[in-house]
Amino acid sequence: MKALHTVSSKKRVLFIVNPRSGTRSKTGIQELIRANVPAEYFDYQIEFTKAGGHAIELSAKAAAEGIEYVVAVGGDGTMNEVAQSLLYTSSTLGIIPMGSGNGLARDLNIPLAAMSALRLLVEGKKICIDSCTLNDRPFFCTAGVGFDAHIGQCFSMQKKRGFQTYVQTTLWEYANYQPETYRLQIDGKWIEKKAFLISFANAAQYGNNAYIAPKASMQDGLIDVCLLRPFPAVQAINMGVKLFNRTIDGSAYMHIWRAPSVRVERKAPAPVHIDGEPCLMEETLTVKVRPNSLNVLVP
Ligand SMILES: Nc1ncnc2c1ncn2[C@@H]1O[C@H](COP(=O)(O)OP(=O)(O)OP(=O)(O)O)[C@@H](O)[C@H]1O
């Protein structure tokens, strides 16, 4: 009877590992989990994804079975796939950041060292955050159109991942990028503007501590709609500095609105990115917030 009680009181955890994310090897992850997750409190399983989209399936099954913690081991793409299946369920998202950008993990102050991130199962707390949708596709960190979507598309075609590849891709593509004109409907008003990029931010950063919406909150029920106007090439380094020192919201080229939804019209179907993952979408985009929709484990 005692043994039965012990087993049933353990929390169940599913680790979903994306072997393709980031640049760090995942070969030692099983050993790391075994060494850092106390078996007296947790029953855990580890699954490796076999392809893009597999994590959606694995985490949906885990949520349906009422598994308490579903832990994404990878970057924002992996996190997005896991988190979308946990929306409005009692399961909680955990993150072991092993991607290239790790935007959501960084924004939530989840340690980048896997061992410390694992300790959150014991020492962390559960919070409920907002998520958003872009034409019904869920996102948790940022989505966007323009230059950042273009970079997302170029990055996905690179053989190598990681921060260095992001920087190289950005510098290379900046020189030839042609900004477009967009129509935006925010708070019932239409605005028409040429933009280098428009980001829809739930979290404050893209990843790698690049802060596109430095004051965004994941618990305010609002999206930070960040429109960066085209800027002269001589300003490019300055804009890069502002992105990393959290002051881009003070730039004369940036305008940020805060709203529960926004509609964007473009001239033709074009790339967007959703938590850094590129995809092609129709010309009209609708972005909406879903307040308090996801439980996450944080420090
Ligand atoms: N087994 C797999 N083989 C190939 N691709 C996979 C596999 N499992 C998942 N994926 C895809 O790998 C892509 C990249 O994953 P992820 O976003 O986690 O890493 P990253 O891009 O390096 O990090 P970040 O998003 O933080 O910059 C995702 O699009 C995901 O769908």
# chains A, B, ... in the order shown; residues from 1 in each chain; ligands from 1

$ closest_atom_pairs --of "chain A" --to "ligand 1" --cutoff "10 Å" --atoms "only C-alpha atoms and all ligand atoms" --output "CSV"
residue,atom,partner,partner_atom_place_in_ligand_line,distance
A:Ile16,CA,ligand 1,8 (N),9.4
A:Val17,CA,ligand 1,8 (N),7.8
A:Asn18,CA,ligand 1,8 (N),4.6
A:Pro19,CA,ligand 1,1 (N),5.7
A:Arg20,CA,ligand 1,4 (C),5.3
A:Ser21,CA,ligand 1,19 (O),3.5
A:Gly22,CA,ligand 1,22 (O),3.5
A:Thr23,CA,ligand 1,22 (O),7.0
A:Arg24,CA,ligand 1,22 (O),9.3
A:Phe48,CA,ligand 1,1 (N),7.1
A:Thr49,CA,ligand 1,1 (N),4.5
A:Lys50,CA,ligand 1,1 (N),3.7
A:Ala51,CA,ligand 1,2 (C),3.6
A:Gly52,CA,ligand 1,31 (O),3.2
A:Gly53,CA,ligand 1,31 (O),5.3
A:His54,CA,ligand 1,8 (N),6.6
A:Ala55,CA,ligand 1,9 (C),7.1
A:Ile56,CA,ligand 1,31 (O),9.1
A:Ala72,CA,ligand 1,18 (O),8.4
A:Val73,CA,ligand 1,18 (O),7.7
A:Gly74,CA,ligand 1,18 (O),4.3
A:Gly75,CA,ligand 1,18 (O),3.2
A:Asp76,CA,ligand 1,25 (O),3.7
A:Gly77,CA,ligand 1,17 (O),3.1
A:Thr78,CA,ligand 1,18 (O),3.8
A:Met79,CA,ligand 1,18 (O),6.5
A:Asn80,CA,ligand 1,17 (O),8.1
A:Glu81,CA,ligand 1,31 (O),7.2
A:Pro97,CA,ligand 1,26 (O),7.6
A:Met98,CA,ligand 1,23 (O),7.1
A:Gly99,CA,ligand 1,23 (O),3.4
A:Ser100,CA,ligand 1,27 (O),3.8
A:Gly101,CA,ligand 1,26 (O),3.6
A:Asn102,CA,ligand 1,26 (O),3.8
A:Gly103,CA,ligand 1,26 (O),6.2
A:Leu104,CA,ligand 1,26 (O),8.3
A:Ala105,CA,ligand 1,26 (O),8.8
A:Arg106,CA,ligand 1,26 (O),9.8
A:Gly152,CA,ligand 1,27 (O),9.1
A:Phe155,CA,ligand 1,21 (O),8.4
A:Ser156,CA,ligand 1,21 (O),7.6
A:Lys160,CA,ligand 1,22 (O),9.0
A:Arg161,CA,ligand 1,22 (O),5.5
A:Gly162,CA,ligand 1,22 (O),6.1
A:Phe163,CA,ligand 1,27 (O),8.0
A:Tyr166,CA,ligand 1,27 (O),8.6
A:Tyr206,CA,ligand 1,27 (O),8.6
A:Gly207,CA,ligand 1,26 (O),6.6
A:Asn208,CA,ligand 1,27 (O),8.3
A:Ile274,CA,ligand 1,25 (O),9.6
A:Asp275,CA,ligand 1,25 (O),6.7
A:Gly276,CA,ligand 1,25 (O),5.6
A:Glu277,CA,ligand 1,29 (O),6.0
A:Pro278,CA,ligand 1,29 (O),8.6

$ residues_around --residues "Ala117 in chain A" --least-positions-apart "4" --cutoff "8 Å" --atoms "only C-alpha atoms" --output "PDB file with C-alpha atoms, in the first residue's frame"
ATOM      1  CA  ILE A  95      12.220  24.447 -21.204  1.00  0.00           C
ATOM      2  CA  ILE A  96      15.802  23.194 -21.358  1.00  0.00           C
ATOM      3  CA  PRO A  97      17.205  25.852 -23.739  1.00  0.00           C
ATOM      4  CA  ILE A 110      15.294  30.192 -17.444  1.00  0.00           C
ATOM      5  CA  PRO A 111      18.978  29.252 -16.995  1.00  0.00           C
ATOM      6  CA  LEU A 112      20.831  28.415 -20.201  1.00  0.00           C
ATOM      7  CA  ALA A 113      22.863  25.726 -18.425  1.00  0.00           C
TER       8      ALA A 113
END

$ residues_around --residues "Ala60 in chain A" --least-positions-apart "3" --cutoff "10 Å" --atoms "only C-alpha atoms" --output "NGL selection string"
:A and (55-57 or 63-66 or 70 or 81-87 or 89)

$ select_by_dssp --residues "range 11-152 of chain A" --states "strand (DSSP E)" --output "ChimeraX atom specification"
/A:11-17,42-48,69-74,92-97,125-134,137-139,142-146

$ residues_around --residues "Leu93 in chain A" --least-positions-apart "5" --cutoff "7 Å" --atoms "only C-alpha atoms" --output "PDB file with C-alpha atoms, in the first residue's frame"
ATOM      1  CA  TYR A  69       5.356  18.673 -16.992  1.00  0.00           C
ATOM      2  CA  VAL A  70       6.192  18.540 -20.685  1.00  0.00           C
ATOM      3  CA  VAL A  71       9.724  19.812 -21.184  1.00  0.00           C
ATOM      4  CA  ALA A  83       3.570  24.764 -26.070  1.00  0.00           C
ATOM      5  CA  ASN A 295       1.395  27.313 -17.742  1.00  0.00           C
ATOM      6  CA  VAL A 296       5.189  27.599 -17.686  1.00  0.00           C
ATOM      7  CA  LEU A 297       7.824  26.536 -15.185  1.00  0.00           C
TER       8      LEU A 297
END

$ residues_around --residues "Gln178 in chain A" --least-positions-apart "2" --cutoff "10 Å" --atoms "only C-alpha atoms" --output "list in words"
Gly146, Phe147, Tyr174, Ala175, Asn176, Glu180, Ala195, Phe196 and Pro230 of chain A

$ closest_atom_pairs --of "range 123-144 of chain A" --to "range 250-264 of chain A" --cutoff "10 Å" --atoms "only C-alpha atoms" --output "JSON lines"
{"residue": "A:Cys132", "atom": "CA", "partner": "A:Ser261", "partner_atom": "CA", "distance": 9.1}
{"residue": "A:Thr133", "atom": "CA", "partner": "A:Ser261", "partner_atom": "CA", "distance": 9.4}
{"residue": "A:Leu134", "atom": "CA", "partner": "A:Val262", "partner_atom": "CA", "distance": 9.6}
{"residue": "A:Asn135", "atom": "CA", "partner": "A:Arg263", "partner_atom": "CA", "distance": 9.6}
